[in-house]
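Colleague: Okay, so here is final_15.txt, and as you'll see once you scroll down, it has compact mmCIF, N, CA and C atoms.
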# COMPACT_ATOMS: atom_id res chain seq x y z
N ILE A 1 -6.54 9.64 -2.38
CA ILE A 1 -5.48 8.65 -2.52
C ILE A 1 -5.83 7.63 -3.58
N ILE A 2 -7.09 7.23 -3.65
CA ILE A 2 -7.48 6.18 -4.59
C ILE A 2 -7.24 6.63 -6.03
N GLY A 3 -7.23 7.94 -6.28
CA GLY A 3 -6.96 8.45 -7.62
C GLY A 3 -5.55 8.16 -8.10
N MET A 4 -4.67 7.73 -7.19
CA MET A 4 -3.30 7.38 -7.57
C MET A 4 -3.20 5.95 -8.09
N PHE A 5 -4.31 5.20 -8.01
CA PHE A 5 -4.34 3.82 -8.46
C PHE A 5 -5.14 3.73 -9.75
N ALA A 6 -4.60 3.03 -10.75
CA ALA A 6 -5.28 2.85 -12.03
C ALA A 6 -6.54 2.02 -11.82
N PRO A 7 -7.55 2.22 -12.66
CA PRO A 7 -8.78 1.42 -12.53
C PRO A 7 -8.51 -0.09 -12.60
N ASP A 8 -7.45 -0.49 -13.31
CA ASP A 8 -7.14 -1.90 -13.47
C ASP A 8 -6.02 -2.38 -12.54
N VAL A 9 -5.78 -1.66 -11.44
CA VAL A 9 -4.70 -2.01 -10.52
C VAL A 9 -4.91 -3.40 -9.93
N ALA A 10 -3.81 -4.10 -9.74
CA ALA A 10 -3.81 -5.39 -9.04
C ALA A 10 -3.10 -5.17 -7.71
N VAL A 11 -3.79 -5.44 -6.61
CA VAL A 11 -3.25 -5.20 -5.28
C VAL A 11 -3.13 -6.52 -4.54
N ARG A 12 -1.99 -6.73 -3.92
CA ARG A 12 -1.78 -7.92 -3.08
C ARG A 12 -1.28 -7.43 -1.73
N ALA A 13 -1.98 -7.84 -0.67
CA ALA A 13 -1.61 -7.46 0.70
C ALA A 13 -1.40 -8.72 1.53
N THR A 14 -0.22 -8.84 2.11
CA THR A 14 0.08 -9.95 3.01
C THR A 14 0.14 -9.34 4.40
N VAL A 15 -0.84 -9.71 5.23
CA VAL A 15 -1.00 -9.06 6.53
C VAL A 15 -1.13 -10.11 7.63
N LEU A 16 -0.85 -9.66 8.84
CA LEU A 16 -1.04 -10.48 10.02
C LEU A 16 -2.46 -10.25 10.50
N GLY A 17 -3.27 -11.32 10.49
CA GLY A 17 -4.66 -11.22 10.89
C GLY A 17 -4.82 -11.14 12.40
N SER A 18 -6.02 -10.83 12.83
CA SER A 18 -6.29 -10.72 14.27
C SER A 18 -6.11 -12.05 14.99
N ASN A 19 -6.13 -13.15 14.22
CA ASN A 19 -5.90 -14.48 14.80
C ASN A 19 -4.42 -14.83 14.89
N GLY A 20 -3.56 -13.91 14.47
CA GLY A 20 -2.12 -14.14 14.53
C GLY A 20 -1.55 -14.84 13.31
N LYS A 21 -2.40 -15.21 12.36
CA LYS A 21 -1.95 -15.91 11.16
C LYS A 21 -1.76 -14.93 10.01
N VAL A 22 -0.77 -15.24 9.16
CA VAL A 22 -0.51 -14.43 7.97
C VAL A 22 -1.54 -14.76 6.91
N THR A 23 -2.12 -13.71 6.32
CA THR A 23 -3.15 -13.86 5.29
C THR A 23 -2.75 -13.04 4.09
N THR A 24 -2.93 -13.58 2.89
CA THR A 24 -2.66 -12.83 1.67
C THR A 24 -3.99 -12.56 0.98
N LEU A 25 -4.20 -11.29 0.65
CA LEU A 25 -5.42 -10.85 -0.02
C LEU A 25 -5.07 -10.29 -1.38
N ASP A 26 -5.80 -10.68 -2.41
CA ASP A 26 -5.67 -10.10 -3.74
C ASP A 26 -6.91 -9.25 -3.96
N LEU A 27 -6.71 -7.95 -4.22
CA LEU A 27 -7.81 -7.01 -4.31
C LEU A 27 -7.81 -6.27 -5.63
N LYS A 28 -9.00 -5.93 -6.07
CA LYS A 28 -9.17 -5.01 -7.20
C LYS A 28 -9.36 -3.62 -6.59
N ARG A 29 -9.39 -2.60 -7.43
CA ARG A 29 -9.43 -1.22 -6.95
C ARG A 29 -10.63 -0.97 -6.02
N GLU A 30 -11.82 -1.38 -6.40
CA GLU A 30 -13.01 -1.12 -5.59
C GLU A 30 -12.93 -1.85 -4.25
N GLU A 31 -12.39 -3.05 -4.25
CA GLU A 31 -12.21 -3.79 -2.99
C GLU A 31 -11.21 -3.07 -2.09
N LEU A 32 -10.17 -2.51 -2.68
CA LEU A 32 -9.20 -1.73 -1.92
C LEU A 32 -9.87 -0.53 -1.28
N VAL A 33 -10.71 0.16 -2.03
CA VAL A 33 -11.43 1.33 -1.52
C VAL A 33 -12.29 0.93 -0.32
N GLN A 34 -13.09 -0.10 -0.48
CA GLN A 34 -14.00 -0.51 0.60
C GLN A 34 -13.22 -0.97 1.84
N SER A 35 -12.15 -1.71 1.64
CA SER A 35 -11.33 -2.18 2.75
C SER A 35 -10.69 -1.01 3.49
N THR A 36 -10.20 -0.03 2.74
CA THR A 36 -9.56 1.15 3.33
C THR A 36 -10.56 1.96 4.13
N ILE A 37 -11.73 2.18 3.57
CA ILE A 37 -12.77 2.95 4.27
C ILE A 37 -13.15 2.26 5.58
N ALA A 38 -13.34 0.95 5.55
CA ALA A 38 -13.70 0.21 6.76
C ALA A 38 -12.60 0.31 7.81
N ALA A 39 -11.34 0.20 7.40
CA ALA A 39 -10.22 0.24 8.35
C ALA A 39 -10.05 1.63 8.95
N VAL A 40 -10.19 2.66 8.13
CA VAL A 40 -9.96 4.03 8.58
C VAL A 40 -11.00 4.46 9.62
N LYS A 41 -12.20 3.94 9.53
CA LYS A 41 -13.25 4.29 10.48
C LYS A 41 -12.87 3.92 11.91
N GLU A 42 -12.04 2.92 12.07
CA GLU A 42 -11.67 2.41 13.40
C GLU A 42 -10.34 2.95 13.90
N ILE A 43 -9.68 3.82 13.13
CA ILE A 43 -8.32 4.25 13.48
C ILE A 43 -8.32 5.68 14.03
N LYS A 44 -7.55 5.87 15.08
CA LYS A 44 -7.33 7.19 15.69
C LYS A 44 -5.83 7.36 15.92
N ASP A 45 -5.39 8.62 16.04
CA ASP A 45 -3.99 8.94 16.33
C ASP A 45 -3.03 8.25 15.36
N TYR A 46 -3.38 8.20 14.09
CA TYR A 46 -2.57 7.51 13.08
C TYR A 46 -1.33 8.32 12.74
N ARG A 47 -0.22 7.61 12.64
CA ARG A 47 1.04 8.19 12.18
C ARG A 47 1.73 7.19 11.27
N GLN A 48 2.47 7.71 10.32
CA GLN A 48 3.29 6.83 9.48
C GLN A 48 4.63 7.50 9.23
N ARG A 49 5.61 6.64 8.99
CA ARG A 49 6.96 7.13 8.70
C ARG A 49 7.59 6.18 7.70
N ARG A 50 8.07 6.74 6.60
CA ARG A 50 8.78 5.93 5.60
C ARG A 50 10.25 5.96 5.97
N ILE A 51 10.79 4.77 6.27
CA ILE A 51 12.18 4.73 6.70
C ILE A 51 13.14 4.46 5.55
N SER A 52 12.61 4.08 4.40
CA SER A 52 13.44 3.96 3.20
C SER A 52 12.55 4.05 1.98
N MET A 53 13.13 4.48 0.87
CA MET A 53 12.41 4.54 -0.39
C MET A 53 13.41 4.46 -1.52
N GLU A 54 13.08 3.67 -2.52
CA GLU A 54 13.93 3.51 -3.70
C GLU A 54 13.04 3.49 -4.93
N ALA A 55 13.44 4.17 -5.98
CA ALA A 55 12.69 4.18 -7.24
C ALA A 55 13.67 3.97 -8.39
N LYS A 56 13.21 3.24 -9.41
CA LYS A 56 14.05 3.04 -10.59
C LYS A 56 13.16 2.76 -11.80
N ALA A 57 13.70 3.05 -12.97
CA ALA A 57 12.96 2.79 -14.22
C ALA A 57 12.67 1.30 -14.30
N ALA A 58 11.44 0.97 -14.64
CA ALA A 58 11.03 -0.43 -14.66
C ALA A 58 11.16 -1.08 -16.02
N ASP A 59 11.08 -0.29 -17.08
CA ASP A 59 11.02 -0.92 -18.40
C ASP A 59 12.39 -1.11 -19.05
N GLY A 60 13.44 -0.54 -18.49
CA GLY A 60 14.78 -0.75 -19.01
C GLY A 60 15.05 -0.07 -20.33
N SER A 61 14.07 0.66 -20.86
CA SER A 61 14.24 1.29 -22.17
C SER A 61 14.90 2.65 -22.09
N GLY A 62 14.97 3.22 -20.90
CA GLY A 62 15.52 4.55 -20.74
C GLY A 62 14.49 5.64 -20.99
N THR A 63 13.28 5.27 -21.42
CA THR A 63 12.24 6.28 -21.67
C THR A 63 11.49 6.64 -20.40
N CYS A 64 11.59 5.84 -19.39
CA CYS A 64 11.00 6.11 -18.08
C CYS A 64 9.48 6.27 -18.15
N ASN A 65 8.81 5.34 -18.81
CA ASN A 65 7.35 5.33 -18.83
C ASN A 65 6.77 4.46 -17.72
N SER A 66 7.65 3.74 -17.03
CA SER A 66 7.22 2.97 -15.88
C SER A 66 8.34 2.97 -14.84
N VAL A 67 7.92 3.00 -13.59
CA VAL A 67 8.85 3.12 -12.47
C VAL A 67 8.44 2.15 -11.38
N THR A 68 9.41 1.47 -10.79
CA THR A 68 9.12 0.66 -9.60
C THR A 68 9.56 1.47 -8.38
N VAL A 69 8.71 1.46 -7.38
CA VAL A 69 8.98 2.16 -6.13
C VAL A 69 8.87 1.14 -5.01
N THR A 70 9.91 1.09 -4.18
CA THR A 70 9.93 0.19 -3.02
C THR A 70 10.20 1.03 -1.79
N SER A 71 9.42 0.80 -0.75
CA SER A 71 9.64 1.54 0.49
C SER A 71 9.28 0.69 1.69
N VAL A 72 9.87 1.06 2.81
CA VAL A 72 9.52 0.45 4.10
C VAL A 72 8.81 1.53 4.90
N VAL A 73 7.64 1.20 5.40
CA VAL A 73 6.83 2.16 6.14
C VAL A 73 6.47 1.60 7.51
N ILE A 74 6.47 2.47 8.50
CA ILE A 74 6.01 2.13 9.84
C ILE A 74 4.72 2.90 10.07
N GLU A 75 3.66 2.17 10.42
CA GLU A 75 2.37 2.78 10.70
C GLU A 75 1.98 2.44 12.13
N GLN A 76 1.41 3.42 12.83
CA GLN A 76 0.99 3.15 14.19
C GLN A 76 -0.15 4.06 14.57
N GLY A 77 -0.86 3.66 15.62
CA GLY A 77 -1.98 4.44 16.10
C GLY A 77 -2.85 3.57 16.99
N LEU A 78 -4.14 3.89 17.03
CA LEU A 78 -5.12 3.12 17.79
C LEU A 78 -6.16 2.61 16.82
N GLN A 79 -6.46 1.32 16.90
CA GLN A 79 -7.52 0.74 16.08
C GLN A 79 -8.51 0.09 17.02
N SER A 80 -9.74 0.57 16.97
CA SER A 80 -10.79 0.11 17.90
C SER A 80 -10.32 0.26 19.34
N GLY A 81 -9.57 1.34 19.63
CA GLY A 81 -9.11 1.62 20.98
C GLY A 81 -7.87 0.87 21.41
N LYS A 82 -7.34 0.00 20.56
CA LYS A 82 -6.14 -0.77 20.90
C LYS A 82 -4.95 -0.27 20.09
N PRO A 83 -3.78 -0.14 20.73
CA PRO A 83 -2.61 0.33 19.99
C PRO A 83 -2.14 -0.70 18.95
N PHE A 84 -1.67 -0.19 17.82
CA PHE A 84 -1.08 -1.06 16.81
C PHE A 84 0.17 -0.40 16.26
N ARG A 85 1.05 -1.22 15.74
CA ARG A 85 2.26 -0.77 15.06
C ARG A 85 2.62 -1.82 14.02
N PHE A 86 2.72 -1.41 12.76
CA PHE A 86 3.08 -2.31 11.68
C PHE A 86 4.30 -1.77 10.96
N GLU A 87 5.17 -2.65 10.56
CA GLU A 87 6.24 -2.30 9.64
C GLU A 87 5.97 -3.11 8.38
N SER A 88 5.94 -2.44 7.25
CA SER A 88 5.59 -3.10 6.00
C SER A 88 6.55 -2.73 4.89
N LEU A 89 6.75 -3.68 3.99
CA LEU A 89 7.48 -3.45 2.75
C LEU A 89 6.42 -3.20 1.69
N GLU A 90 6.48 -2.06 1.02
CA GLU A 90 5.54 -1.72 -0.03
C GLU A 90 6.27 -1.64 -1.36
N GLN A 91 5.64 -2.20 -2.39
CA GLN A 91 6.21 -2.17 -3.74
C GLN A 91 5.11 -1.76 -4.71
N TYR A 92 5.46 -0.79 -5.57
CA TYR A 92 4.50 -0.28 -6.54
C TYR A 92 5.12 -0.29 -7.93
N LEU A 93 4.29 -0.55 -8.93
CA LEU A 93 4.67 -0.34 -10.32
C LEU A 93 3.81 0.81 -10.82
N LEU A 94 4.48 1.92 -11.16
CA LEU A 94 3.80 3.11 -11.65
C LEU A 94 4.01 3.23 -13.14
N VAL A 95 2.95 3.60 -13.85
CA VAL A 95 3.06 3.83 -15.30
C VAL A 95 2.52 5.22 -15.61
N LEU A 96 3.07 5.81 -16.66
CA LEU A 96 2.64 7.13 -17.10
C LEU A 96 1.48 6.95 -18.06
N ARG A 97 0.31 7.44 -17.66
CA ARG A 97 -0.90 7.35 -18.49
C ARG A 97 -1.51 8.75 -18.62
N ASP A 98 -1.61 9.22 -19.84
CA ASP A 98 -2.21 10.54 -20.10
C ASP A 98 -1.61 11.63 -19.21
N GLY A 99 -0.31 11.58 -19.03
CA GLY A 99 0.38 12.61 -18.27
C GLY A 99 0.34 12.44 -16.75
N ASN A 100 -0.26 11.36 -16.27
CA ASN A 100 -0.36 11.10 -14.84
C ASN A 100 0.30 9.77 -14.49
N TRP A 101 1.00 9.74 -13.36
CA TRP A 101 1.59 8.50 -12.86
C TRP A 101 0.54 7.76 -12.04
N LEU A 102 0.25 6.51 -12.44
CA LEU A 102 -0.74 5.70 -11.73
C LEU A 102 -0.14 4.35 -11.36
N ALA A 103 -0.50 3.86 -10.20
CA ALA A 103 -0.07 2.52 -9.78
C ALA A 103 -0.93 1.49 -10.50
N VAL A 104 -0.29 0.56 -11.20
CA VAL A 104 -1.00 -0.54 -11.86
C VAL A 104 -0.80 -1.84 -11.10
N LYS A 105 0.17 -1.83 -10.21
CA LYS A 105 0.43 -2.99 -9.36
C LYS A 105 0.91 -2.46 -8.01
N ALA A 106 0.36 -3.02 -6.95
CA ALA A 106 0.77 -2.61 -5.60
C ALA A 106 0.83 -3.85 -4.73
N GLU A 107 1.87 -3.93 -3.93
CA GLU A 107 2.03 -5.08 -3.04
C GLU A 107 2.56 -4.58 -1.70
N THR A 108 1.97 -5.06 -0.63
CA THR A 108 2.44 -4.72 0.70
C THR A 108 2.56 -6.00 1.51
N THR A 109 3.63 -6.08 2.30
CA THR A 109 3.87 -7.24 3.15
C THR A 109 4.23 -6.74 4.53
N GLN A 110 3.38 -7.04 5.50
CA GLN A 110 3.69 -6.68 6.88
C GLN A 110 4.77 -7.59 7.39
N ARG A 111 5.69 -7.01 8.20
CA ARG A 111 6.72 -7.84 8.77
C ARG A 111 6.89 -7.54 10.24
How would this structure read if it were set down as structure tokens?

Modeller:
Amino acid sequence: IIGMFAPDVAVRATVLGSNGKVTTLDLKREELVQSTIAAVKEIKDYRQRRISMEAKAADGSGTCNSVTVTSVVIEQGLQSGKPFRFESLEQYLLVLRDGNWLAVKAETTQR
């Protein structure tokens, strides 16, 4: 999955912390990798469902070298033995680099 993110990706995650407060994190690619690995170790019975998705050309030039993708995803499972369920709005800016689509910007907001 990490191969879908450009080395220079800028990631912003707005999440509900274990203390019940909303926290915004700005991450670079390596920080995203480490955070994901740590979170996945504690998750069992994971499921996700995208309930909407929209994509459109981002640069307005008609050449389609960049695309914005917006989706709403529901994730659920067990984390450290406790059930969880999140609904999040995800937004990505994808650019075509050397024949591959890579995310250069990613933002997720739990709601």

Colleague: Residues within 7 Å of Val11 of chain A, please, as a ChimeraX atom specification. Count all atoms listed in the file; anything in the same chain fewer than 3 positions from it doesn't count.

Modeller: /A:25-29,104-108

Colleague: For the structure I just gave you, how does DSSP split chain A - specifically, which residues are alpha helix (DSSP H)? Reply as a list in words.

Modeller: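 Everything in chain A that counts as alpha helix (DSSP H) is Arg29, Glu30, Glu31, Leu32, Val33, Gln34, Ser35, Thr36, Ile37, Ala38, Ala39, Val40 and Lys41 of chain A.
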
Colleague: Extract, using all atoms listed in the file, all DNA, RNA and protein residues at most 5 Å from segment 68-85 of chain A, discarding same-chain residues fewer than 3 positions from it, and format them as a PDB file with N, CA and C atoms, keeping the file's coordinate frame.

Modeller:
ATOM      1  N   GLU A  42     -12.040   2.920  12.070  1.00  0.00           N
ATOM      2  CA  GLU A  42     -11.670   2.410  13.400  1.00  0.00           C
ATOM      3  C   GLU A  42     -10.340   2.950  13.900  1.00  0.00           C
ATOM      4  N   ILE A  43      -9.680   3.820  13.130  1.00  0.00           N
ATOM      5  CA  ILE A  43      -8.320   4.250  13.480  1.00  0.00           C
ATOM      6  C   ILE A  43      -8.320   5.680  14.030  1.00  0.00           C
ATOM      7  N   LYS A  44      -7.550   5.870  15.080  1.00  0.00           N
ATOM      8  CA  LYS A  44      -7.330   7.190  15.690  1.00  0.00           C
ATOM      9  C   LYS A  44      -5.830   7.360  15.920  1.00  0.00           C
ATOM     10  N   ASP A  45      -5.390   8.620  16.040  1.00  0.00           N
ATOM     11  CA  ASP A  45      -3.990   8.940  16.330  1.00  0.00           C
ATOM     12  C   ASP A  45      -3.030   8.250  15.360  1.00  0.00           C
ATOM     13  N   TYR A  46      -3.380   8.200  14.090  1.00  0.00           N
ATOM     14  CA  TYR A  46      -2.570   7.510  13.080  1.00  0.00           C
ATOM     15  C   TYR A  46      -1.330   8.320  12.740  1.00  0.00           C
ATOM     16  N   ARG A  47      -0.220   7.610  12.640  1.00  0.00           N
ATOM     17  CA  ARG A  47       1.040   8.190  12.180  1.00  0.00           C
ATOM     18  C   ARG A  47       1.730   7.190  11.270  1.00  0.00           C
ATOM     19  N   GLN A  48       2.470   7.710  10.320  1.00  0.00           N
ATOM     20  CA  GLN A  48       3.290   6.830   9.480  1.00  0.00           C
ATOM     21  C   GLN A  48       4.630   7.500   9.230  1.00  0.00           C
ATOM     22  N   ARG A  49       5.610   6.640   8.990  1.00  0.00           N
ATOM     23  CA  ARG A  49       6.960   7.130   8.700  1.00  0.00           C
ATOM     24  C   ARG A  49       7.590   6.180   7.700  1.00  0.00           C
ATOM     25  N   ARG A  50       8.070   6.740   6.600  1.00  0.00           N
ATOM     26  CA  ARG A  50       8.780   5.930   5.600  1.00  0.00           C
ATOM     27  C   ARG A  50      10.250   5.960   5.970  1.00  0.00           C
ATOM     28  N   ILE A  51      10.790   4.770   6.270  1.00  0.00           N
ATOM     29  CA  ILE A  51      12.180   4.730   6.700  1.00  0.00           C
ATOM     30  C   ILE A  51      13.140   4.460   5.550  1.00  0.00           C
ATOM     31  N   SER A  52      12.610   4.080   4.400  1.00  0.00           N
ATOM     32  CA  SER A  52      13.440   3.960   3.200  1.00  0.00           C
ATOM     33  C   SER A  52      12.550   4.050   1.980  1.00  0.00           C
ATOM     34  N   MET A  53      13.130   4.480   0.870  1.00  0.00           N
ATOM     35  CA  MET A  53      12.410   4.540  -0.390  1.00  0.00           C
ATOM     36  C   MET A  53      13.410   4.460  -1.520  1.00  0.00           C
ATOM     37  N   GLU A  54      13.080   3.670  -2.520  1.00  0.00           N
ATOM     38  CA  GLU A  54      13.930   3.510  -3.700  1.00  0.00           C
ATOM     39  C   GLU A  54      13.040   3.490  -4.930  1.00  0.00           C
ATOM     40  N   ALA A  55      13.440   4.170  -5.980  1.00  0.00           N
ATOM     41  CA  ALA A  55      12.690   4.180  -7.240  1.00  0.00           C
ATOM     42  C   ALA A  55      13.670   3.970  -8.390  1.00  0.00           C
ATOM     43  N   LYS A  56      13.210   3.240  -9.410  1.00  0.00           N
ATOM     44  CA  LYS A  56      14.050   3.040 -10.590  1.00  0.00           C
ATOM     45  C   LYS A  56      13.160   2.760 -11.800  1.00  0.00           C
ATOM     46  N   ALA A  57      13.700   3.050 -12.970  1.00  0.00           N
ATOM     47  CA  ALA A  57      12.960   2.790 -14.220  1.00  0.00           C
ATOM     48  C   ALA A  57      12.670   1.300 -14.300  1.00  0.00           C
ATOM     49  N   ALA A  58      11.440   0.970 -14.640  1.00  0.00           N
ATOM     50  CA  ALA A  58      11.030  -0.430 -14.660  1.00  0.00           C
ATOM     51  C   ALA A  58      11.160  -1.080 -16.020  1.00  0.00           C
ATOM     52  N   SER A  88       5.940  -2.440   7.250  1.00  0.00           N
ATOM     53  CA  SER A  88       5.590  -3.100   6.000  1.00  0.00           C
ATOM     54  C   SER A  88       6.550  -2.730   4.890  1.00  0.00           C
ATOM     55  N   LEU A  89       6.750  -3.680   3.990  1.00  0.00           N
ATOM     56  CA  LEU A  89       7.480  -3.450   2.750  1.00  0.00           C
ATOM     57  C   LEU A  89       6.420  -3.200   1.690  1.00  0.00           C
ATOM     58  N   GLU A  90       6.480  -2.060   1.020  1.00  0.00           N
ATOM     59  CA  GLU A  90       5.540  -1.720  -0.030  1.00  0.00           C
ATOM     60  C   GLU A  90       6.270  -1.640  -1.360  1.00  0.00           C
ATOM     61  N   GLN A  91       5.640  -2.200  -2.390  1.00  0.00           N
ATOM     62  CA  GLN A  91       6.210  -2.170  -3.740  1.00  0.00           C
ATOM     63  C   GLN A  91       5.110  -1.760  -4.710  1.00  0.00           C
ATOM     64  N   TYR A  92       5.460  -0.790  -5.570  1.00  0.00           N
ATOM     65  CA  TYR A  92       4.500  -0.280  -6.540  1.00  0.00           C
ATOM     66  C   TYR A  92       5.120  -0.290  -7.930  1.00  0.00           C
ATOM     67  N   LEU A  93       4.290  -0.550  -8.930  1.00  0.00           N
ATOM     68  CA  LEU A  93       4.670  -0.340 -10.320  1.00  0.00           C
ATOM     69  C   LEU A  93       3.810   0.810 -10.820  1.00  0.00           C
ATOM     70  N   LEU A  94       4.480   1.920 -11.160  1.00  0.00           N
ATOM     71  CA  LEU A  94       3.800   3.110 -11.650  1.00  0.00           C
ATOM     72  C   LEU A  94       4.010   3.230 -13.140  1.00  0.00           C
TER      73      LEU A  94
END

Colleague: So, counting all atoms listed in the file, which residue among A:Cys64, A:Arg12, A:Gln110, A:Lys41 is closest to Leu96 of chain A?

Modeller: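 Answer, going by the shortest atom-to-atom distance: A:Cys64.
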
Colleague: One number please: atom C of Gly60 of chain A to atom N of Ala13 of chain A, in Å, one decimal.

Modeller: 27.1 Å

Colleague: What is the atom C of Val15 of chain A to atom CA of Gln34 of chain A distance in Å?

Modeller: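 Calculated distance between atom C of Val15 of chain A and atom CA of Gln34 of chain A is 17.5 Å.
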
Colleague: Could you tell me how far atom CA of Leu102 of chain A lies from atom CA of Ala10 of chain A, in Å and to one decimal?

Modeller: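 These atoms are spaced 11.8 Å apart.
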
Colleague: Quick one: pick out all strand (DSSP E) residues within segment 1-98 of chain A from a backbone DSSP run and write them as a PyMOL selection string.

Modeller: chain A and resi 5-16+22-27+43-57+66-79+82-97

Colleague: Would you compute the box with edges along x, y and z of the file around segment 24-42 of chain A, including every atom the file lists for it and 5 Å extra on each side, and give its centre and edge lengths in Å to one decimal, as lines of an AutoDock Vina configuration file?

Modeller:
center_x = -8.3
center_y = -4.6
center_z = 3.2
size_x = 21.3
size_y = 28.0
size_z = 31.3

Colleague: From the set A:Asp98, A:Thr36, A:Ala103, A:Asn65, which residue has the shortest atom-to-atom contact distance to Asp8 of chain A, counting only C-alpha atoms?

Modeller: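 Checking each of A:Asp98, A:Thr36, A:Ala103, A:Asn65 against Asp8 of chain A, counting only C-alpha atoms, the winner is A:Ala103.
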